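Visitor: My structure file upload-v7.cif, mmCIF, C-alpha atoms; chains and numbers go by the auth columns, is below:
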data_start
#
loop_
_atom_site.group_PDB
_atom_site.id
_atom_site.type_symbol
_atom_site.label_atom_id
_atom_site.label_comp_id
_atom_site.label_asym_id
_atom_site.label_seq_id
_atom_site.Cartn_x
_atom_site.Cartn_y
_atom_site.Cartn_z
_atom_site.B_iso_or_equiv
_atom_site.auth_seq_id
_atom_site.auth_asym_id
ATOM 1 C CA MET A 1 -12.012 14.193 -34.797 0.00 27 X
ATOM 2 C CA SER A 2 -11.526 12.375 -31.488 0.00 28 X
ATOM 3 C CA THR A 3 -8.421 10.733 -30.173 0.00 29 X
ATOM 4 C CA VAL A 4 -8.116 7.316 -28.567 0.00 30 X
ATOM 5 C CA ASN A 5 -7.600 8.694 -25.088 0.00 31 X
ATOM 6 C CA GLU A 6 -10.453 11.187 -24.914 0.00 32 X
ATOM 7 C CA PRO A 7 -13.179 10.356 -22.404 0.00 33 X
ATOM 8 C CA VAL A 8 -16.383 8.985 -23.926 0.00 34 X
ATOM 9 C CA LYS A 9 -19.024 11.704 -24.264 0.00 35 X
ATOM 10 C CA GLY A 10 -21.537 11.609 -21.431 0.00 36 X
ATOM 11 C CA LYS A 11 -19.184 9.615 -19.255 0.00 37 X
ATOM 12 C CA ALA A 12 -16.458 12.252 -19.054 0.00 38 X
ATOM 13 C CA SER A 13 -17.494 13.363 -15.584 0.00 39 X
ATOM 14 C CA PHE A 14 -16.029 10.239 -13.935 0.00 40 X
ATOM 15 C CA CYS A 15 -12.725 10.742 -15.751 0.00 41 X
ATOM 16 C CA GLN A 16 -12.653 14.450 -14.906 0.00 42 X
ATOM 17 C CA GLU A 17 -13.520 13.728 -11.267 0.00 43 X
ATOM 18 C CA ILE A 18 -10.673 11.222 -10.867 0.00 44 X
ATOM 19 C CA GLU A 19 -8.266 13.533 -12.748 0.00 45 X
ATOM 20 C CA GLU A 20 -9.127 16.451 -10.464 0.00 46 X
ATOM 21 C CA LYS A 21 -8.910 14.458 -7.246 0.00 47 X
ATOM 22 C CA SER A 22 -5.721 12.584 -8.132 0.00 48 X
ATOM 23 C CA HIS A 23 -4.079 15.558 -9.890 0.00 49 X
ATOM 24 C CA GLN A 24 -3.006 13.177 -12.658 0.00 50 X
ATOM 25 C CA PRO A 25 -3.495 13.712 -16.423 0.00 51 X
ATOM 26 C CA ILE A 26 -5.402 10.480 -17.082 0.00 52 X
ATOM 27 C CA THR A 27 -6.515 11.617 -20.548 0.00 53 X
ATOM 28 C CA SER A 28 -2.825 11.823 -21.522 0.00 54 X
ATOM 29 C CA CYS A 29 -2.475 8.037 -21.243 0.00 55 X
ATOM 30 C CA TYR A 30 -2.063 6.436 -24.666 0.00 56 X
ATOM 31 C CA HIS A 31 -1.649 2.913 -23.275 0.00 57 X
ATOM 32 C CA CYS A 32 2.010 2.274 -24.008 0.00 58 X
ATOM 33 C CA MET A 33 1.928 -0.294 -21.169 0.00 59 X
ATOM 34 C CA LYS A 34 5.206 0.847 -19.627 0.00 60 X
ATOM 35 C CA CYS A 35 3.508 1.198 -16.236 0.00 61 X
ATOM 36 C CA ALA A 36 2.326 -2.401 -16.315 0.00 62 X
ATOM 37 C CA GLY A 37 5.691 -3.587 -17.602 0.00 63 X
ATOM 38 C CA GLY A 38 7.385 -2.278 -14.474 0.00 64 X
ATOM 39 C CA CYS A 39 4.676 -3.058 -11.918 0.00 65 X
ATOM 40 C CA PRO A 40 6.020 -5.647 -9.450 0.00 66 X
ATOM 41 C CA ILE A 41 2.582 -7.028 -8.574 0.00 67 X
ATOM 42 C CA ASN A 42 0.648 -6.890 -11.851 0.00 68 X
ATOM 43 C CA PHE A 43 0.568 -10.698 -11.880 0.00 69 X
ATOM 44 C CA VAL A 44 -2.065 -10.683 -9.094 0.00 70 X
ATOM 45 C CA MET A 45 -4.115 -7.735 -10.383 0.00 71 X
ATOM 46 C CA GLU A 46 -7.373 -8.288 -12.251 0.00 72 X
ATOM 47 C CA HIS A 47 -6.515 -5.366 -14.520 0.00 73 X
ATOM 48 C CA ASN A 48 -3.182 -3.731 -15.286 0.00 74 X
ATOM 49 C CA ASN A 49 -2.591 -0.041 -14.520 0.00 75 X
ATOM 50 C CA TYR A 50 -3.194 1.113 -18.094 0.00 76 X
ATOM 51 C CA GLU A 51 -6.411 -0.933 -18.262 0.00 77 X
ATOM 52 C CA ILE A 52 -7.734 0.897 -15.195 0.00 78 X
ATOM 53 C CA LEU A 53 -6.804 4.222 -16.797 0.00 79 X
ATOM 54 C CA ARG A 54 -8.636 3.206 -19.982 0.00 80 X
ATOM 55 C CA MET A 55 -11.728 2.174 -18.005 0.00 81 X
ATOM 56 C CA ILE A 56 -11.665 5.579 -16.314 0.00 82 X
ATOM 57 C CA GLN A 57 -11.391 7.291 -19.715 0.00 83 X
ATOM 58 C CA LEU A 58 -14.394 5.263 -20.895 0.00 84 X
ATOM 59 C CA GLY A 59 -16.389 6.154 -17.778 0.00 85 X
ATOM 60 C CA GLU A 60 -16.667 2.531 -16.606 0.00 86 X
ATOM 61 C CA LYS A 61 -17.000 3.475 -12.964 0.00 87 X
ATOM 62 C CA ASP A 62 -18.538 0.208 -11.775 0.00 88 X
ATOM 63 C CA LYS A 63 -15.805 -1.895 -13.412 0.00 89 X
ATOM 64 C CA VAL A 64 -13.117 0.285 -11.841 0.00 90 X
ATOM 65 C CA TYR A 65 -14.726 0.046 -8.387 0.00 91 X
ATOM 66 C CA GLN A 66 -15.126 -3.747 -8.679 0.00 92 X
ATOM 67 C CA SER A 67 -11.493 -4.337 -9.661 0.00 93 X
ATOM 68 C CA ASN A 68 -8.959 -5.515 -7.092 0.00 94 X
ATOM 69 C CA THR A 69 -6.184 -3.494 -8.771 0.00 95 X
ATOM 70 C CA PRO A 70 -6.463 -0.286 -6.702 0.00 96 X
ATOM 71 C CA TRP A 71 -6.482 -2.297 -3.472 0.00 97 X
ATOM 72 C CA LEU A 72 -3.378 -4.272 -4.394 0.00 98 X
ATOM 73 C CA CYS A 73 -1.302 -1.317 -5.575 0.00 99 X
ATOM 74 C CA VAL A 74 1.617 -0.911 -3.165 0.00 100 X
ATOM 75 C CA GLY A 75 2.451 2.651 -4.227 0.00 101 X
ATOM 76 C CA CYS A 76 6.026 1.859 -5.236 0.00 102 X
ATOM 77 C CA LYS A 77 5.920 4.616 -7.912 0.00 103 X
ATOM 78 C CA THR A 78 7.538 2.432 -10.596 0.00 104 X
ATOM 79 C CA CYS A 79 4.641 3.338 -12.879 0.00 105 X
ATOM 80 C CA ALA A 80 5.283 7.049 -12.370 0.00 106 X
ATOM 81 C CA VAL A 81 8.971 6.693 -13.196 0.00 107 X
ATOM 82 C CA ARG A 82 8.270 4.720 -16.370 0.00 108 X
ATOM 83 C CA CYS A 83 5.340 6.757 -17.721 0.00 109 X
ATOM 84 C CA PRO A 84 6.325 8.995 -20.662 0.00 110 X
ATOM 85 C CA ASN A 85 3.428 11.342 -19.780 0.00 111 X
ATOM 86 C CA GLY A 86 4.259 11.616 -16.083 0.00 112 X
ATOM 87 C CA ILE A 87 1.123 9.841 -14.838 0.00 113 X
ATOM 88 C CA ASP A 88 1.512 8.454 -11.332 0.00 114 X
ATOM 89 C CA THR A 89 -1.050 5.657 -11.413 0.00 115 X
ATOM 90 C CA SER A 90 -0.451 4.924 -7.730 0.00 116 X
ATOM 91 C CA LYS A 91 -2.046 8.331 -6.977 0.00 117 X
ATOM 92 C CA VAL A 92 -4.951 7.367 -9.230 0.00 118 X
ATOM 93 C CA MET A 93 -5.293 4.059 -7.337 0.00 119 X
ATOM 94 C CA ASP A 94 -5.316 5.905 -3.993 0.00 120 X
ATOM 95 C CA THR A 95 -8.039 8.213 -5.312 0.00 121 X
ATOM 96 C CA ILE A 96 -10.098 5.235 -6.482 0.00 122 X
ATOM 97 C CA LYS A 97 -9.782 3.631 -3.039 0.00 123 X
ATOM 98 C CA MET A 98 -10.928 6.830 -1.335 0.00 124 X
ATOM 99 C CA GLU A 99 -13.862 7.246 -3.739 0.00 125 X
ATOM 100 C CA THR A 100 -14.882 3.593 -3.362 0.00 126 X
ATOM 101 C CA ILE A 101 -14.906 3.989 0.416 0.00 127 X
ATOM 102 C CA ALA A 102 -16.746 7.336 0.239 0.00 128 X
ATOM 103 C CA GLU A 103 -19.449 5.874 -2.018 0.00 129 X
ATOM 104 C CA ASN A 104 -19.599 2.621 -0.012 0.00 130 X
ATOM 105 C CA LYS A 105 -19.094 0.547 -3.173 0.00 131 X
ATOM 106 C CA ILE A 106 -16.482 -1.879 -1.865 0.00 132 X
ATOM 107 C CA PRO A 107 -17.148 -5.424 -3.066 0.00 133 X
ATOM 108 C CA ALA A 108 -17.349 -8.041 -0.306 0.00 134 X
ATOM 109 C CA SER A 109 -14.358 -9.817 -1.852 0.00 135 X
ATOM 110 C CA HIS A 110 -12.198 -6.740 -1.112 0.00 136 X
ATOM 111 C CA TYR A 111 -13.259 -6.344 2.522 0.00 137 X
ATOM 112 C CA ASN A 112 -10.055 -7.780 4.043 0.00 138 X
ATOM 113 C CA VAL A 113 -7.866 -5.656 1.785 0.00 139 X
ATOM 114 C CA LYS A 114 -9.840 -2.539 2.784 0.00 140 X
ATOM 115 C CA LEU A 115 -9.573 -3.528 6.444 0.00 141 X
ATOM 116 C CA PHE A 116 -5.792 -3.907 6.191 0.00 142 X
ATOM 117 C CA TYR A 117 -5.563 -0.572 4.343 0.00 143 X
ATOM 118 C CA GLU A 118 -7.501 1.211 7.089 0.00 144 X
ATOM 119 C CA LEU A 119 -5.579 -0.487 9.905 0.00 145 X
ATOM 120 C CA PHE A 120 -2.307 0.487 8.243 0.00 146 X
ATOM 121 C CA LEU A 121 -3.416 4.128 7.971 0.00 147 X
ATOM 122 C CA ASP A 122 -4.514 4.038 11.609 0.00 148 X
ATOM 123 C CA SER A 123 -1.069 2.727 12.536 0.00 149 X
ATOM 124 C CA MET A 124 0.541 5.706 10.832 0.00 150 X
ATOM 125 C CA LYS A 125 -1.823 8.120 12.605 0.00 151 X
ATOM 126 C CA GLY A 126 -0.851 6.824 15.994 0.00 152 X
ATOM 127 C CA PHE A 127 -3.359 4.150 17.002 0.00 153 X
ATOM 128 C CA PRO A 128 -1.679 2.894 20.214 0.00 154 X
ATOM 129 C CA VAL A 129 -1.972 -0.873 19.679 0.00 155 X
ATOM 130 C CA ILE A 130 -0.431 -0.876 16.207 0.00 156 X
ATOM 131 C CA GLY A 131 2.280 1.758 16.292 0.00 157 X
ATOM 132 C CA GLY A 132 2.059 5.362 15.305 0.00 158 X
ATOM 133 C CA GLU A 133 3.943 8.534 14.618 0.00 159 X
ATOM 134 C CA GLY A 134 4.767 7.426 11.095 0.00 160 X
ATOM 135 C CA ARG A 135 6.437 4.173 12.092 0.00 161 X
ATOM 136 C CA GLY A 136 4.842 0.814 11.513 0.00 162 X
ATOM 137 C CA TYR A 137 4.583 -1.816 14.235 0.00 163 X
ATOM 138 C CA GLU A 138 4.129 -4.940 12.155 0.00 164 X
ATOM 139 C CA LEU A 139 3.378 -7.366 14.975 0.00 165 X
ATOM 140 C CA GLY A 140 0.662 -5.108 16.399 0.00 166 X
ATOM 141 C CA LEU A 141 -0.781 -4.446 12.941 0.00 167 X
ATOM 142 C CA MET A 142 -0.887 -8.131 12.020 0.00 168 X
ATOM 143 C CA GLY A 143 -2.264 -9.111 15.431 0.00 169 X
ATOM 144 C CA LEU A 144 -5.140 -6.647 15.124 0.00 170 X
ATOM 145 C CA TYR A 145 -5.771 -7.683 11.504 0.00 171 X
ATOM 146 C CA LYS A 146 -5.926 -11.360 12.504 0.00 172 X
ATOM 147 C CA LEU A 147 -8.251 -10.490 15.379 0.00 173 X
ATOM 148 C CA CYS A 148 -10.588 -8.533 13.071 0.00 174 X
ATOM 149 C CA THR A 149 -10.670 -11.210 10.355 0.00 175 X
ATOM 150 C CA GLY A 150 -10.723 -14.255 12.635 0.00 176 X
ATOM 151 C CA THR A 151 -7.774 -15.834 10.797 0.00 177 X
ATOM 152 C CA TYR A 152 -5.752 -16.359 13.966 0.00 178 X
ATOM 153 C CA LEU A 153 -3.514 -19.220 12.854 0.00 179 X
ATOM 154 C CA ALA A 154 -3.236 -18.482 9.147 0.00 180 X
ATOM 155 C CA ASP A 155 0.333 -17.593 8.163 0.00 181 X
ATOM 156 C CA MET A 156 1.624 -18.616 11.602 0.00 182 X
ATOM 157 C CA ASN A 157 4.755 -20.242 10.158 0.00 183 X
ATOM 158 C CA LEU A 158 5.542 -17.138 8.122 0.00 184 X
ATOM 159 C CA GLY A 159 5.041 -14.945 11.190 0.00 185 X
ATOM 160 C CA LYS A 160 7.418 -17.095 13.255 0.00 186 X
ATOM 161 C CA GLU A 161 10.058 -16.926 10.538 0.00 187 X
ATOM 162 C CA MET A 162 9.743 -13.137 10.206 0.00 188 X
ATOM 163 C CA THR A 163 10.014 -12.680 13.972 0.00 189 X
ATOM 164 C CA LYS A 164 13.044 -14.979 14.130 0.00 190 X
ATOM 165 C CA ARG A 165 14.791 -12.916 11.427 0.00 191 X
ATOM 166 C CA GLY A 166 14.028 -9.626 13.149 0.00 192 X
ATOM 167 C CA LYS A 167 11.526 -8.476 10.503 0.00 193 X
ATOM 168 C CA MET A 168 8.655 -8.330 12.987 0.00 194 X
ATOM 169 C CA PRO A 169 9.974 -7.210 16.396 0.00 195 X
ATOM 170 C CA PHE A 170 7.947 -7.819 19.553 0.00 196 X
ATOM 171 C CA LEU A 171 8.089 -4.185 20.646 0.00 197 X
ATOM 172 C CA PRO A 172 7.280 -1.103 18.549 0.00 198 X
ATOM 173 C CA HIS A 173 10.060 1.193 17.392 0.00 199 X
ATOM 174 C CA ASN A 174 10.351 4.371 19.447 0.00 200 X
ATOM 175 C CA ALA A 175 12.811 6.389 17.341 0.00 201 X
ATOM 176 C CA LEU A 176 10.297 9.139 16.654 0.00 202 X
ATOM 177 C CA LYS A 177 9.206 9.874 20.217 0.00 203 X
ATOM 178 C CA ARG A 178 11.138 13.135 20.126 0.00 204 X
ATOM 179 C CA ARG A 179 8.977 14.249 17.182 0.00 205 X
ATOM 180 C CA LYS A 180 5.708 13.205 18.789 0.00 206 X
ATOM 181 C CA GLY A 181 2.691 14.715 17.139 0.00 207 X
ATOM 182 C CA GLU A 182 4.220 15.587 13.758 0.00 208 X
ATOM 183 C CA VAL A 183 2.489 12.785 11.864 0.00 209 X
ATOM 184 C CA LYS A 184 -0.812 13.526 13.596 0.00 210 X
ATOM 185 C CA LYS A 185 -0.487 17.125 12.389 0.00 211 X
ATOM 186 C CA ILE A 186 0.008 15.910 8.811 0.00 212 X
ATOM 187 C CA PHE A 187 -3.185 13.830 8.988 0.00 213 X
ATOM 188 C CA GLN A 188 -5.037 16.759 10.587 0.00 214 X
ATOM 189 C CA ARG A 189 -3.939 19.126 7.778 0.00 215 X
ATOM 190 C CA ALA A 190 -5.039 16.570 5.178 0.00 216 X
ATOM 191 C CA LYS A 191 -8.451 16.267 6.878 0.00 217 X
ATOM 192 C CA GLU A 192 -8.846 20.065 6.961 0.00 218 X
ATOM 193 C CA LYS A 193 -7.831 20.370 3.313 0.00 219 X
ATOM 194 C CA LYS A 194 -10.345 17.669 2.335 0.00 220 X
ATOM 195 C CA ALA A 195 -13.115 19.496 4.229 0.00 221 X
ATOM 196 C CA ARG A 196 -12.602 22.666 2.153 0.00 222 X
#
Rewrite the structure from the file as structure tokens, please.
Guide:
Amino acid sequence: MSTVNEPVKGKASFCQEIEEKSHQPITSCYHCMKCAGGCPINFVMEHNNYEILRMIQLGEKDKVYQSNTPWLCVGCKTCAVRCPNGIDTSKVMDTIKMETIAENKIPASHYNVKLFYELFLDSMKGFPVIGGEGRGYELGLMGLYKLCTGTYLADMNLGKEMTKRGKMPFLPHNALKRRKGEVKKIFQRAKEKKAR
């Protein structure tokens, strides 16, 4: 007798692969919808968290990769706190993003989201124009993003307002200079671990 949350036979490999890489018990999800009930941005997602988990259980790889949900997940961990089975769907979403990039299956409609994601990660690694050492430099990040996408004047009024309120300072924060290199070491260890 099978249960509702068992992976479909023949398509289990996708579910097992995502479970192994995310270290999350996806097959434990019984779709109580608590994750979606707490998600602050589910109103803009094509599929709710539990729907993505169900698609993974069913082996619907293409549907999962085409969805905007993983790219919009902000990693707030509300889903993890609310899940009765301890599933952190934000870790699953991160795994899906990495797999989508690795397999070069990113839909054209998600290009700008992927670009922002990569620029943000570069900013954490220490890319000089957009910050580094674990601290974000919003103005540099947004400037580079606008340059890459060609949307120079879009959101200009919002940017002015954020700068005026001190939410987007002109100069990057330098509080972590005394710990220079620590964040780079974290990324290096992650790269070495992935290579194994």
Visitor: For segment 101-159 of chain X versus segment 70-79 of chain X, which residues have an atom no more than 9 Å away, and what is each residue's nearest atom pair and distance in Å rounded to one decimal, using only C-alpha atoms, chain-then-number order, as a Markdown table?
Guide:
| residue | atom | partner | partner_atom | distance |
| --- | --- | --- | --- | --- |
| X:Cys105 | CA | X:Asn75 | CA | 8.1 |
| X:Thr115 | CA | X:Asn75 | CA | 6.7 |
| X:Ser116 | CA | X:Asn75 | CA | 8.7 |
| X:Val118 | CA | X:Leu79 | CA | 8.4 |
| X:Met119 | CA | X:Asn75 | CA | 8.7 |
Visitor: Skipping near chain neighbours, those fewer than 5 positions away, what residues fall within 10 Å of segment 179-192 of chain X using all atoms listed in the file, listed as a PyMOL selection string?
Guide: chain X and resi 164-165+168+172
Visitor: Please, what distance in Å, to one decimal, runs between atom CA of Ile212 of chain X and atom CA of Glu144 of chain X?
Guide: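 We find that atom CA of Ile212 of chain X and atom CA of Glu144 of chain X lie 16.6 Å from each other.
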Visitor: Given the file above and the PyMOL selection byres ((chain X and resi 44) around 10), which residues are selected, and can you give them as a VMD selection string?
Guide: chain X and resid 39 to 43 45 to 52 79 82 to 83 117 to 119 121 to 122 125
Visitor: Identify which of the residues X:Lys131, X:Asn111, X:Lys140, X:Leu197 lies closest to Gly162 of chain X, counting only C-alpha atoms when measuring atom-to-atom distances.
Guide: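 The closest residue to Gly162 of chain X is X:Leu197.
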Visitor: Using only C-alpha atoms, can you tell me which of X:His136, X:Lys103, X:Lys219, X:Arg108 comes closest to Cys58 of chain X?
Guide: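 Closest to Cys58 of chain X, using only C-alpha atoms: X:Arg108.
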Visitor: What separation in Å, quoted to one decimal, exists between atom CA of Lys220 of chain X and atom CA of Thr95 of chain X?
Guide: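 Rounded to one decimal, the two atoms are 24.3 Å apart.
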Visitor: Please, what distance in Å, to one decimal, runs between atom CA of Leu147 of chain X and atom CA of Glu86 of chain X?
Guide: 28.0 Å
Visitor: Which residues match the PyMOL selection byres ((chain X and resi 63) around 12) in the file above, as a PyMOL selection string?
Guide: chain X and resi 57-62+64-69+74-76+104-109
Visitor: Applying 12 Å and all atoms listed in the file, which residues near Glu129 of chain X remain after dropping the ones on its own chain fewer than 6 positions away? List them as a ChimeraX atom specification.
Guide: /X:87-88,91,122-123
Visitor: With distances taken over only C-alpha atoms, which residue among X:Ser54, X:Gln92, X:Thr177, X:Gln214 lies nearest Asp114 of chain X?
Guide: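 Of X:Ser54, X:Gln92, X:Thr177, X:Gln214, the one nearest Asp114 of chain X is X:Ser54, counting only C-alpha atoms.
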Visitor: Check the smallest atom-to-atom distance from each of X:Tyr56, X:Trp97, X:Tyr137, X:Phe213 to Thr175 of chain X using all atoms listed in the file, then report the winner.
Guide: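 Nearest to Thr175 of chain X: X:Tyr137.
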